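Asks: Just target_14.cif, nothing more (mmCIF, C-alpha atoms (C1' of nucleotides)):
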data_structure
loop_
_atom_site.label_atom_id
_atom_site.label_comp_id
_atom_site.auth_asym_id
_atom_site.auth_seq_id
_atom_site.Cartn_x
_atom_site.Cartn_y
_atom_site.Cartn_z
CA MET A 3 -28.79 8.38 9.11
CA LYS A 4 -25.82 8.24 11.45
CA LEU A 5 -26.12 6.48 14.83
CA ALA A 6 -23.42 6.65 17.49
CA SER A 7 -22.50 5.73 21.04
CA TRP A 8 -19.89 6.96 23.50
CA ASN A 9 -19.05 6.23 27.12
CA VAL A 10 -17.79 9.68 28.11
CA ASN A 11 -16.68 8.92 31.70
CA SER A 12 -18.10 12.18 33.13
CA LEU A 13 -20.03 14.48 30.81
CA LYS A 14 -18.89 17.48 32.80
CA VAL A 15 -15.21 16.76 32.10
CA ARG A 16 -15.85 15.63 28.51
CA LEU A 17 -18.29 18.31 27.35
CA GLU A 18 -15.77 19.93 25.02
CA HIS A 19 -14.77 16.60 23.48
CA VAL A 20 -18.42 15.66 22.92
CA SER A 21 -19.18 19.07 21.42
CA GLU A 22 -16.24 18.85 19.03
CA TRP A 23 -17.26 15.36 17.99
CA LEU A 24 -20.86 16.46 17.36
CA THR A 25 -19.65 19.32 15.17
CA LEU A 26 -17.32 17.06 13.21
CA HIS A 27 -19.58 14.01 12.76
CA GLU A 28 -23.10 15.47 13.00
CA PRO A 29 -24.68 12.19 14.15
CA ASP A 30 -28.47 12.06 14.00
CA LEU A 31 -28.51 10.11 17.26
CA LEU A 32 -25.81 9.75 19.89
CA GLY A 33 -26.18 7.53 22.96
CA LEU A 34 -24.03 8.58 25.91
CA GLN A 35 -23.07 6.57 28.98
CA GLU A 36 -21.42 7.30 32.33
CA LEU A 37 -22.62 10.88 32.57
CA LYS A 38 -21.77 10.90 36.29
CA LEU A 39 -24.06 13.84 36.96
CA THR A 40 -27.58 14.52 38.19
CA ASP A 41 -30.31 15.69 35.81
CA ASP A 42 -30.23 19.27 37.15
CA SER A 43 -26.60 19.51 35.97
CA PHE A 44 -27.21 18.12 32.48
CA PRO A 45 -26.00 20.72 29.93
CA LEU A 46 -29.22 20.74 27.90
CA ALA A 47 -29.06 24.43 26.93
CA HIS A 48 -25.53 23.93 25.63
CA PHE A 49 -26.57 21.07 23.35
CA GLU A 50 -29.65 22.96 22.20
CA SER A 51 -27.43 25.86 21.20
CA MET A 52 -25.62 23.35 18.95
CA GLY A 53 -28.85 22.09 17.40
CA TYR A 54 -29.19 18.97 19.51
CA GLY A 55 -32.04 17.96 21.78
CA ALA A 56 -31.58 15.41 24.55
CA VAL A 57 -33.33 13.00 26.85
CA PHE A 58 -31.35 11.84 29.86
CA ALA A 59 -31.44 9.88 33.09
CA GLY A 60 -28.65 10.72 35.49
CA GLN A 61 -27.66 10.20 39.09
CA LYS A 62 -24.96 11.45 41.42
CA THR A 63 -21.39 10.17 40.92
CA TYR A 64 -22.11 6.99 38.93
CA ASN A 65 -23.77 5.73 35.76
CA GLY A 66 -26.19 7.99 33.88
CA VAL A 67 -27.27 7.71 30.24
CA ALA A 68 -28.59 10.04 27.55
CA ILE A 69 -29.69 10.26 23.94
CA LEU A 70 -28.79 13.33 21.88
CA TYR A 71 -30.75 13.90 18.67
CA LYS A 72 -30.12 16.31 15.84
CA GLN A 73 -33.10 18.65 15.79
CA ALA A 74 -32.77 19.45 12.09
CA SER A 75 -33.22 15.83 11.03
CA MET A 76 -35.04 14.04 13.83
CA PRO A 77 -38.54 14.46 15.27
CA LYS A 78 -39.11 14.89 18.98
CA PRO A 79 -38.54 11.66 20.92
CA GLN A 80 -41.61 9.66 21.83
CA ASP A 81 -42.24 7.03 24.53
CA VAL A 82 -39.12 7.78 26.54
CA GLU A 83 -38.37 4.87 28.84
CA ILE A 84 -35.82 4.86 31.67
CA ASN A 85 -34.20 1.60 32.80
CA LEU A 86 -35.26 -1.96 32.03
CA PRO A 87 -38.96 -2.61 32.56
CA SER A 88 -38.27 -6.03 34.10
CA PHE A 89 -35.42 -4.86 36.34
CA PRO A 90 -36.31 -2.09 38.81
CA ASP A 91 -33.04 -0.39 39.76
CA GLU A 92 -31.77 2.78 41.39
CA GLN A 93 -28.85 2.79 38.96
CA ARG A 94 -29.52 4.74 35.78
CA ARG A 95 -28.25 2.48 33.01
CA VAL A 96 -30.77 2.57 30.17
CA ILE A 97 -32.69 5.22 28.28
CA ALA A 98 -34.83 4.49 25.23
CA ALA A 99 -36.85 6.68 22.89
CA THR A 100 -38.65 6.43 19.57
CA PHE A 101 -37.89 8.70 16.59
CA ASP A 102 -40.46 8.10 13.85
CA ASP A 103 -40.29 4.31 13.53
CA LEU A 104 -36.84 3.90 15.06
CA ARG A 105 -36.47 2.75 18.66
CA PHE A 106 -33.06 3.86 19.94
CA VAL A 107 -31.69 2.45 23.20
CA SER A 108 -28.59 3.76 25.01
CA ALA A 109 -27.33 1.28 27.60
CA TYR A 110 -24.55 1.14 30.17
CA VAL A 111 -24.20 -2.51 31.10
CA VAL A 112 -22.91 -3.39 34.57
CA ASN A 113 -19.13 -3.78 34.80
CA GLY A 114 -19.17 -6.80 37.10
CA SER A 115 -15.90 -6.17 38.92
CA GLU A 116 -14.63 -9.77 39.12
CA VAL A 117 -16.00 -13.11 37.99
CA GLY A 118 -17.70 -14.70 40.98
CA SER A 119 -18.26 -11.45 42.89
CA GLU A 120 -21.64 -10.08 43.99
CA LYS A 121 -21.35 -7.41 41.32
CA PHE A 122 -20.77 -10.11 38.74
CA ALA A 123 -23.96 -11.90 39.82
CA TYR A 124 -25.77 -8.57 39.51
CA LYS A 125 -24.32 -8.16 36.00
CA LEU A 126 -25.61 -11.56 34.87
CA LYS A 127 -29.09 -10.89 36.29
CA TRP A 128 -29.08 -7.48 34.64
CA LEU A 129 -28.11 -9.02 31.29
CA ASP A 130 -30.84 -11.68 31.64
CA ALA A 131 -33.34 -8.86 32.12
CA LEU A 132 -31.94 -7.04 29.08
CA ILE A 133 -32.36 -10.18 26.95
CA LYS A 134 -35.97 -10.54 28.06
CA ASP A 135 -36.82 -6.87 27.57
CA LEU A 136 -35.06 -6.67 24.23
CA ALA A 137 -37.19 -9.59 23.03
CA ASP A 138 -40.34 -7.71 24.07
CA TRP A 139 -39.14 -4.42 22.60
CA THR A 140 -38.29 -6.07 19.31
CA LYS A 141 -41.88 -7.26 18.88
CA LYS A 142 -43.15 -3.78 19.63
CA TYR A 143 -40.48 -1.88 17.69
CA PRO A 144 -39.10 -3.88 14.72
CA ASP A 145 -36.65 -1.10 13.82
CA LEU A 146 -34.47 -1.06 16.91
CA ALA A 147 -30.87 -0.01 17.58
CA LEU A 148 -29.31 -0.98 20.89
CA VAL A 149 -26.09 0.97 21.46
CA GLY A 150 -23.78 1.43 24.39
CA ASP A 151 -21.08 0.18 26.66
CA PHE A 152 -21.88 -3.53 26.93
CA ASN A 153 -18.86 -4.30 29.12
CA ILE A 154 -18.46 -7.52 27.12
CA ALA A 155 -15.75 -8.35 24.59
CA PRO A 156 -17.71 -10.80 22.42
CA ALA A 157 -14.75 -12.83 21.11
CA ASP A 158 -11.01 -13.24 21.54
CA ALA A 159 -10.50 -11.04 18.48
CA ASP A 160 -11.90 -8.22 20.61
CA VAL A 161 -9.14 -8.55 23.23
CA TYR A 162 -5.50 -7.43 22.96
CA ASP A 163 -4.25 -10.38 25.00
CA PRO A 164 -6.87 -13.15 25.07
CA ALA A 165 -4.67 -15.42 27.19
CA ALA A 166 -4.29 -12.79 29.90
CA TRP A 167 -8.05 -12.11 29.84
CA ASP A 168 -9.07 -15.77 29.57
CA GLU A 169 -12.39 -16.16 31.40
CA ALA A 170 -11.82 -12.83 33.18
CA VAL A 171 -14.60 -10.29 33.63
CA LEU A 172 -15.72 -8.78 30.28
CA CYS A 173 -14.57 -11.99 28.54
CA SER A 174 -16.07 -14.84 30.57
CA PRO A 175 -18.22 -17.54 28.95
CA GLU A 176 -21.21 -16.42 31.08
CA GLU A 177 -21.00 -12.89 29.69
CA ARG A 178 -20.28 -13.96 26.13
CA SER A 179 -23.20 -16.39 26.10
CA ARG A 180 -25.49 -13.54 27.12
CA PHE A 181 -24.13 -11.33 24.35
CA LYS A 182 -24.84 -14.22 21.99
CA SER A 183 -28.41 -14.40 23.31
CA LEU A 184 -28.88 -10.75 22.32
CA ILE A 185 -27.58 -11.54 18.83
CA GLU A 186 -29.87 -14.56 18.60
CA LEU A 187 -32.86 -12.27 19.00
CA GLY A 188 -32.04 -11.31 15.41
CA TYR A 189 -29.49 -8.59 16.06
CA THR A 190 -26.35 -7.72 14.13
CA ASP A 191 -23.05 -6.57 15.63
CA ALA A 192 -22.73 -3.64 13.20
CA PHE A 193 -18.95 -3.39 13.53
CA ARG A 194 -18.44 -7.00 12.43
CA GLN A 195 -20.48 -6.58 9.26
CA PHE A 196 -17.43 -5.04 7.65
CA GLU A 197 -13.79 -5.87 7.08
CA GLN A 198 -11.98 -4.24 10.00
CA ALA A 199 -8.35 -3.79 10.91
CA PRO A 200 -7.27 -6.43 13.44
CA SER A 201 -6.91 -5.23 17.03
CA THR A 202 -9.50 -2.48 16.73
CA PHE A 203 -10.76 -1.71 20.22
CA SER A 204 -13.10 0.76 21.91
CA TRP A 205 -11.62 0.93 25.41
CA TRP A 206 -8.05 1.21 26.73
CA ASP A 207 -6.87 1.36 30.32
CA TYR A 208 -5.59 4.77 31.39
CA ARG A 209 -2.66 3.08 33.10
CA GLN A 210 0.65 1.84 31.78
CA LEU A 211 0.30 3.48 28.35
CA GLY A 212 -2.64 1.24 27.50
CA PHE A 213 -3.73 3.32 24.52
CA GLN A 214 -0.23 3.97 23.18
CA LYS A 215 0.42 0.23 23.26
CA ASN A 216 -3.08 -0.53 21.92
CA ARG A 217 -3.79 -2.77 24.89
CA GLY A 218 -7.55 -2.50 24.55
CA LEU A 219 -10.87 -4.29 24.37
CA ARG A 220 -13.87 -3.90 22.07
CA ILE A 221 -16.71 -3.57 24.55
CA ASP A 222 -18.81 -0.73 23.04
CA HIS A 223 -21.26 -1.91 20.43
CA ILE A 224 -24.05 -1.01 18.05
CA LEU A 225 -26.61 -3.80 17.64
CA LEU A 226 -29.18 -3.51 14.87
CA SER A 227 -32.43 -5.41 14.59
CA GLN A 228 -33.11 -7.66 11.62
CA SER A 229 -35.18 -5.07 9.76
CA LEU A 230 -32.57 -2.35 10.30
CA THR A 231 -29.51 -4.37 9.27
CA PRO A 232 -30.00 -4.19 5.47
CA ARG A 233 -29.72 -0.40 5.76
CA LEU A 234 -26.24 -0.55 7.33
CA THR A 235 -23.50 0.84 5.05
CA GLN A 236 -20.59 1.59 7.40
CA CYS A 237 -19.47 1.16 11.01
CA GLU A 238 -16.34 2.61 12.59
CA ILE A 239 -14.71 3.12 15.96
CA ASP A 240 -13.19 6.60 16.10
CA ARG A 241 -9.90 6.56 18.00
CA ILE A 242 -9.16 10.24 17.47
CA PRO A 243 -10.85 11.55 20.65
CA ARG A 244 -8.87 9.01 22.70
CA LYS A 245 -5.68 10.77 21.57
CA LYS A 246 -6.75 14.13 22.97
CA LYS A 247 -5.70 15.60 26.27
CA GLN A 248 -7.81 14.33 29.19
CA PRO A 249 -9.73 11.79 27.12
CA SER A 250 -12.47 9.36 28.06
CA ASP A 251 -11.06 5.85 28.32
CA HIS A 252 -13.65 4.84 25.67
CA ALA A 253 -13.77 5.80 22.00
CA PRO A 254 -17.02 6.62 20.19
CA ILE A 255 -18.48 4.11 17.72
CA TRP A 256 -20.77 5.11 14.87
CA ALA A 257 -22.81 3.42 12.13
CA GLN A 258 -24.19 4.82 8.91
CA LEU A 259 -27.63 3.68 7.75
CA LYS A 260 -29.11 4.40 4.36
"C1'" DA B 27 -0.52 -10.84 43.79
"C1'" DT B 28 -0.41 -5.80 43.46
"C1'" DG B 29 -0.70 -1.42 41.52
"C1'" DG B 30 -0.79 1.53 38.00
"C1'" DC B 31 -4.72 6.08 36.13
"C1'" DA B 32 -8.95 8.83 36.21
"C1'" DG B 33 -13.37 10.87 38.10
"C1'" DG B 34 -16.34 11.94 42.04
"C1'" DT B 35 -17.00 13.15 46.73
"C1'" DA B 36 -15.29 16.28 49.65
"C1'" DC B 37 -10.91 17.99 51.67
"C1'" DG B 38 -8.58 12.82 53.33
"C1'" DA B 39 -9.12 8.70 51.71
"C1'" DC B 40 -11.89 5.76 49.50
"C1'" DC B 41 -15.12 3.85 45.91
"C1'" DT B 42 -15.67 2.49 41.17
"C1'" DG B 43 -14.28 1.60 36.79
"C1'" DA B 44 -12.62 -2.42 33.02
#
Can you turn what I pasted into structure tokens?
Replies:
Amino acid sequence: MKLASWNVNSLKVRLEHVSEWLTLHEPDLLGLQELKLTDDSFPLAHFESMGYGAVFAGQKTYNGVAILYKQASMPKPQDVEINLPSFPDEQRRVIAATFDDLRFVSAYVVNGSEVGSEKFAYKLKWLDALIKDLADWTKKYPDLALVGDFNIAPADADVYDPAAWDEAVLCSPEERSRFKSLIELGYTDAFRQFEQAPSTFSWWDYRQLGFQKNRGLRIDHILLSQSLTPRLTQCEIDRIPRKKKQPSDHAPIWAQLK
DNA sequence: ATGGCAGGTACGACCTGA
């Protein structure tokens, strides 16, 4: 089974890229973030014509998350949940669904703007709620995959210039300690279970040739619960879509489970 | 310290992203 995640930065603009990637990789489950569209504009019929079903939670202009599932291999999603149960929010940042015994969560963690800002405080509170709710979910659903844009680079190895990003947003000790709390619930950072090329990132700034110079961060992750981890056989970040014309600033990440 | 690039909203200029 192949699980994947991609922050598409507008599904409307990226629909062709997503469709090409689905055709090429045929993931069983794909979590999407930053749809930037309302539910009435979600291209459900298009995905269905490609053999994918979807559950989604969008809003105007910002945020928005979805789960695509391959209809040939996956049952209909059960117990669809939107947002964090312990954090009522207008912003659509989480969608979760169960496929057989697998709980799959697609999350778009708050960016946080700048360390010390109001948005940063909101990010930390949001992450505290995620830690609490993930603990509860894990009891209920032992086989759980949490995928998405975490907006946290867990370690200096996940940053092109750790000195320049020292204690900056996405890299601060407050954010990293919360990422660690997620891991300490028994989760595995799937990407780090394998030997990886140094300086492998999942996001690059559009400006100043960020991608061409590989000035990036690894902030998109696939976390697997303890019972799921032994099934993990491969995890890759796919840079190819980032090379296309009019790309998302994020690359997709995928994991293979046996 | 600032701005640079991109998308959305809405049609000028600003907000947000990371």
Asks: Excluding Leu86 (chain A) and its own-chain neighbours fewer than 3 positions away, which residues fall within 10 Å of it when counting all atoms listed in the file? Please give them as a PyMOL selection string.
Replies: chain A and resi 83+89-91+94-98+109+128+131-132+134-136
Asks: Residue by residue, what does the PyMOL selection byres ((chain B) within 9 of (chain A)) grab here? Present the result as a PyMOL selection string.
Replies: chain B and resi 30-35+42-44
Asks: Using only C-alpha atoms (C1' of nucleotides), which protein or nucleic acid residues come within 8 Å of region 41-52 of chain A? Drop anything in the same chain fewer than 6 positions from it, and give the result as a PyMOL selection string.
Replies: chain A and resi 21+58-61
Asks: Mind pulling up the distance from CA of Asp130 (chain A) to CA of Leu230 (chain A)?
Replies: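 CA of Asp130 (chain A) lies 23.4 Å from CA of Leu230 (chain A).
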Asks: Tell me which residues the PyMOL selection byres ((chain A and resi 216) around 8) grabs here, as a ChimeraX atom specification.
Replies: /A:162,201,203,206,212-215,217-218
Asks: What separation in Å, quoted to one decimal, exists between CA of Lys125 (chain A) and CA of Leu31 (chain A)?
Replies: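 That distance, rounded to one decimal, is 26.5 Å.
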Asks: Quick one: distance from CA of Phe152 (chain A) to CA of Leu32 (chain A) in Å, one decimal?
Replies: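 CA of Leu32 (chain A) lies 15.5 Å from CA of Phe152 (chain A).
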Asks: Could you spell out the hits of the PyMOL selection byres ((chain A and resi 75-77) around 8) on the shown file, as a list in words?
Replies: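 Selection result, ordered by chain and number: Asp30, Tyr71, Lys72, Gln73, Ala74, Lys78, Pro79, Phe101 and Asp102 of chain A.
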Asks: Excluding Cys237 (chain A) and its own-chain neighbours fewer than 2 positions away, which residues fall within 9 Å of it when counting all atoms listed in the file? Please give them as number ranges by chain.
Replies: A: 192-196, 224, 234-235, 239, 255-258
Asks: Would you compute, for all listed atoms of region 216-223 of chain A, the axis-aligned bounding box grown by 3 Å on each side, and then report its centre and edge lengths in Å rounded to one decimal, as JSON?
Replies:
{"center_x": -12.2, "center_y": -2.4, "center_z": 22.7, "size_x": 24.2, "size_y": 9.8, "size_z": 10.5}
Asks: Starting from the point (-27.3, -8.7, 15.2), work out which residues of protein, DNA or RNA have an atom no more than 9 Å away when counting only C-alpha atoms (C1' of nucleotides); state them as a list in words.
Replies: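 With a cut-off of 9 Å, the residues come to Leu184, Ile185, Glu186, Leu187, Gly188, Tyr189, Thr190, Asp191, Ala192, Ile224, Leu225, Leu226, Ser227, Gln228 and Thr231 of chain A.
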Asks: Regenerate region 197-232 of chain A at the level of N, CA and C atoms and dump it as a PDB file, in the coordinates of the input.
Replies:
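The result, written out as out00.pdb:
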ATOM      1  N   GLU A 197     -15.206  -5.577   6.911  1.00  0.00           N
ATOM      2  CA  GLU A 197     -13.790  -5.870   7.080  1.00  0.00           C
ATOM      3  C   GLU A 197     -13.216  -4.790   8.007  1.00  0.00           C
ATOM      4  N   GLN A 198     -12.549  -5.211   9.068  1.00  0.00           N
ATOM      5  CA  GLN A 198     -11.980  -4.240  10.000  1.00  0.00           C
ATOM      6  C   GLN A 198     -10.514  -4.568  10.240  1.00  0.00           C
ATOM      7  N   ALA A 199      -9.757  -3.556  10.542  1.00  0.00           N
ATOM      8  CA  ALA A 199      -8.350  -3.790  10.910  1.00  0.00           C
ATOM      9  C   ALA A 199      -8.316  -4.656  12.168  1.00  0.00           C
ATOM     10  N   PRO A 200      -7.391  -5.636  12.208  1.00  0.00           N
ATOM     11  CA  PRO A 200      -7.270  -6.430  13.440  1.00  0.00           C
ATOM     12  C   PRO A 200      -6.880  -5.536  14.617  1.00  0.00           C
ATOM     13  N   SER A 201      -7.215  -5.990  15.803  1.00  0.00           N
ATOM     14  CA  SER A 201      -6.910  -5.230  17.030  1.00  0.00           C
ATOM     15  C   SER A 201      -7.503  -3.820  16.980  1.00  0.00           C
ATOM     16  N   THR A 202      -8.756  -3.737  16.597  1.00  0.00           N
ATOM     17  CA  THR A 202      -9.500  -2.480  16.730  1.00  0.00           C
ATOM     18  C   THR A 202     -10.335  -2.576  17.984  1.00  0.00           C
ATOM     19  N   PHE A 203     -10.104  -1.662  18.905  1.00  0.00           N
ATOM     20  CA  PHE A 203     -10.760  -1.710  20.220  1.00  0.00           C
ATOM     21  C   PHE A 203     -11.522  -0.418  20.484  1.00  0.00           C
ATOM     22  N   SER A 204     -12.323  -0.434  21.567  1.00  0.00           N
ATOM     23  CA  SER A 204     -13.100   0.760  21.910  1.00  0.00           C
ATOM     24  C   SER A 204     -12.780   1.279  23.306  1.00  0.00           C
ATOM     25  N   TRP A 205     -12.004   0.521  24.050  1.00  0.00           N
ATOM     26  CA  TRP A 205     -11.620   0.930  25.410  1.00  0.00           C
ATOM     27  C   TRP A 205     -10.169   0.546  25.668  1.00  0.00           C
ATOM     28  N   TRP A 206      -9.443   1.451  26.338  1.00  0.00           N
ATOM     29  CA  TRP A 206      -8.050   1.210  26.730  1.00  0.00           C
ATOM     30  C   TRP A 206      -7.861   1.728  28.140  1.00  0.00           C
ATOM     31  N   ASP A 207      -7.154   0.957  28.947  1.00  0.00           N
ATOM     32  CA  ASP A 207      -6.870   1.360  30.320  1.00  0.00           C
ATOM     33  C   ASP A 207      -6.049   2.648  30.322  1.00  0.00           C
ATOM     34  N   TYR A 208      -6.367   3.533  31.264  1.00  0.00           N
ATOM     35  CA  TYR A 208      -5.590   4.770  31.390  1.00  0.00           C
ATOM     36  C   TYR A 208      -4.148   4.476  31.809  1.00  0.00           C
ATOM     37  N   ARG A 209      -3.955   3.340  32.466  1.00  0.00           N
ATOM     38  CA  ARG A 209      -2.660   3.080  33.100  1.00  0.00           C
ATOM     39  C   ARG A 209      -1.677   2.406  32.145  1.00  0.00           C
ATOM     40  N   GLN A 210      -0.424   2.569  32.463  1.00  0.00           N
ATOM     41  CA  GLN A 210       0.650   1.840  31.780  1.00  0.00           C
ATOM     42  C   GLN A 210       0.598   1.971  30.258  1.00  0.00           C
ATOM     43  N   LEU A 211       0.280   3.201  29.795  1.00  0.00           N
ATOM     44  CA  LEU A 211       0.300   3.480  28.350  1.00  0.00           C
ATOM     45  C   LEU A 211      -0.599   2.525  27.555  1.00  0.00           C
ATOM     46  N   GLY A 212      -1.730   2.198  28.138  1.00  0.00           N
ATOM     47  CA  GLY A 212      -2.640   1.240  27.500  1.00  0.00           C
ATOM     48  C   GLY A 212      -3.004   1.624  26.074  1.00  0.00           C
ATOM     49  N   PHE A 213      -3.322   2.892  25.864  1.00  0.00           N
ATOM     50  CA  PHE A 213      -3.730   3.320  24.520  1.00  0.00           C
ATOM     51  C   PHE A 213      -2.536   3.339  23.565  1.00  0.00           C
ATOM     52  N   GLN A 214      -1.430   3.886  24.026  1.00  0.00           N
ATOM     53  CA  GLN A 214      -0.230   3.970  23.180  1.00  0.00           C
ATOM     54  C   GLN A 214       0.223   2.590  22.728  1.00  0.00           C
ATOM     55  N   LYS A 215       0.024   1.593  23.593  1.00  0.00           N
ATOM     56  CA  LYS A 215       0.420   0.230  23.260  1.00  0.00           C
ATOM     57  C   LYS A 215      -0.729  -0.570  22.635  1.00  0.00           C
ATOM     58  N   ASN A 216      -1.851   0.095  22.449  1.00  0.00           N
ATOM     59  CA  ASN A 216      -3.080  -0.530  21.920  1.00  0.00           C
ATOM     60  C   ASN A 216      -3.475  -1.779  22.711  1.00  0.00           C
ATOM     61  N   ARG A 217      -3.327  -1.686  24.019  1.00  0.00           N
ATOM     62  CA  ARG A 217      -3.790  -2.770  24.890  1.00  0.00           C
ATOM     63  C   ARG A 217      -5.236  -2.465  25.260  1.00  0.00           C
ATOM     64  N   GLY A 218      -6.146  -2.885  24.391  1.00  0.00           N
ATOM     65  CA  GLY A 218      -7.550  -2.500  24.550  1.00  0.00           C
ATOM     66  C   GLY A 218      -8.501  -3.673  24.412  1.00  0.00           C
ATOM     67  N   LEU A 219      -9.774  -3.327  24.541  1.00  0.00           N
ATOM     68  CA  LEU A 219     -10.870  -4.290  24.370  1.00  0.00           C
ATOM     69  C   LEU A 219     -11.950  -3.629  23.519  1.00  0.00           C
ATOM     70  N   ARG A 220     -12.696  -4.426  22.782  1.00  0.00           N
ATOM     71  CA  ARG A 220     -13.870  -3.900  22.070  1.00  0.00           C
ATOM     72  C   ARG A 220     -15.110  -4.291  22.881  1.00  0.00           C
ATOM     73  N   ILE A 221     -15.584  -3.302  23.647  1.00  0.00           N
ATOM     74  CA  ILE A 221     -16.710  -3.570  24.550  1.00  0.00           C
ATOM     75  C   ILE A 221     -17.884  -2.622  24.298  1.00  0.00           C
ATOM     76  N   ASP A 222     -17.721  -1.659  23.399  1.00  0.00           N
ATOM     77  CA  ASP A 222     -18.810  -0.730  23.040  1.00  0.00           C
ATOM     78  C   ASP A 222     -19.358  -1.158  21.685  1.00  0.00           C
ATOM     79  N   HIS A 223     -20.669  -1.279  21.607  1.00  0.00           N
ATOM     80  CA  HIS A 223     -21.260  -1.910  20.430  1.00  0.00           C
ATOM     81  C   HIS A 223     -22.501  -1.188  19.931  1.00  0.00           C
ATOM     82  N   ILE A 224     -22.789  -1.423  18.662  1.00  0.00           N
ATOM     83  CA  ILE A 224     -24.050  -1.010  18.050  1.00  0.00           C
ATOM     84  C   ILE A 224     -24.716  -2.267  17.522  1.00  0.00           C
ATOM     85  N   LEU A 225     -25.850  -2.626  18.099  1.00  0.00           N
ATOM     86  CA  LEU A 225     -26.610  -3.800  17.640  1.00  0.00           C
ATOM     87  C   LEU A 225     -27.841  -3.318  16.889  1.00  0.00           C
ATOM     88  N   LEU A 226     -28.044  -3.902  15.718  1.00  0.00           N
ATOM     89  CA  LEU A 226     -29.180  -3.510  14.870  1.00  0.00           C
ATOM     90  C   LEU A 226     -30.136  -4.674  14.693  1.00  0.00           C
ATOM     91  N   SER A 227     -31.419  -4.368  14.776  1.00  0.00           N
ATOM     92  CA  SER A 227     -32.430  -5.410  14.590  1.00  0.00           C
ATOM     93  C   SER A 227     -32.432  -5.886  13.131  1.00  0.00           C
ATOM     94  N   GLN A 228     -33.093  -7.017  12.935  1.00  0.00           N
ATOM     95  CA  GLN A 228     -33.110  -7.660  11.620  1.00  0.00           C
ATOM     96  C   GLN A 228     -33.583  -6.708  10.515  1.00  0.00           C
ATOM     97  N   SER A 229     -34.618  -5.939  10.805  1.00  0.00           N
ATOM     98  CA  SER A 229     -35.180  -5.070   9.760  1.00  0.00           C
ATOM     99  C   SER A 229     -34.289  -3.859   9.492  1.00  0.00           C
ATOM    100  N   LEU A 230     -33.456  -3.509  10.470  1.00  0.00           N
ATOM    101  CA  LEU A 230     -32.570  -2.350  10.300  1.00  0.00           C
ATOM    102  C   LEU A 230     -31.271  -2.718   9.584  1.00  0.00           C
ATOM    103  N   THR A 231     -30.833  -3.954   9.742  1.00  0.00           N
ATOM    104  CA  THR A 231     -29.510  -4.370   9.270  1.00  0.00           C
ATOM    105  C   THR A 231     -29.282  -4.152   7.775  1.00  0.00           C
ATOM    106  N   PRO A 232     -30.254  -4.411   6.909  1.00  0.00           N
ATOM    107  CA  PRO A 232     -30.000  -4.190   5.470  1.00  0.00           C
ATOM    108  C   PRO A 232     -29.694  -2.735   5.125  1.00  0.00           C
TER     109      PRO A 232
END
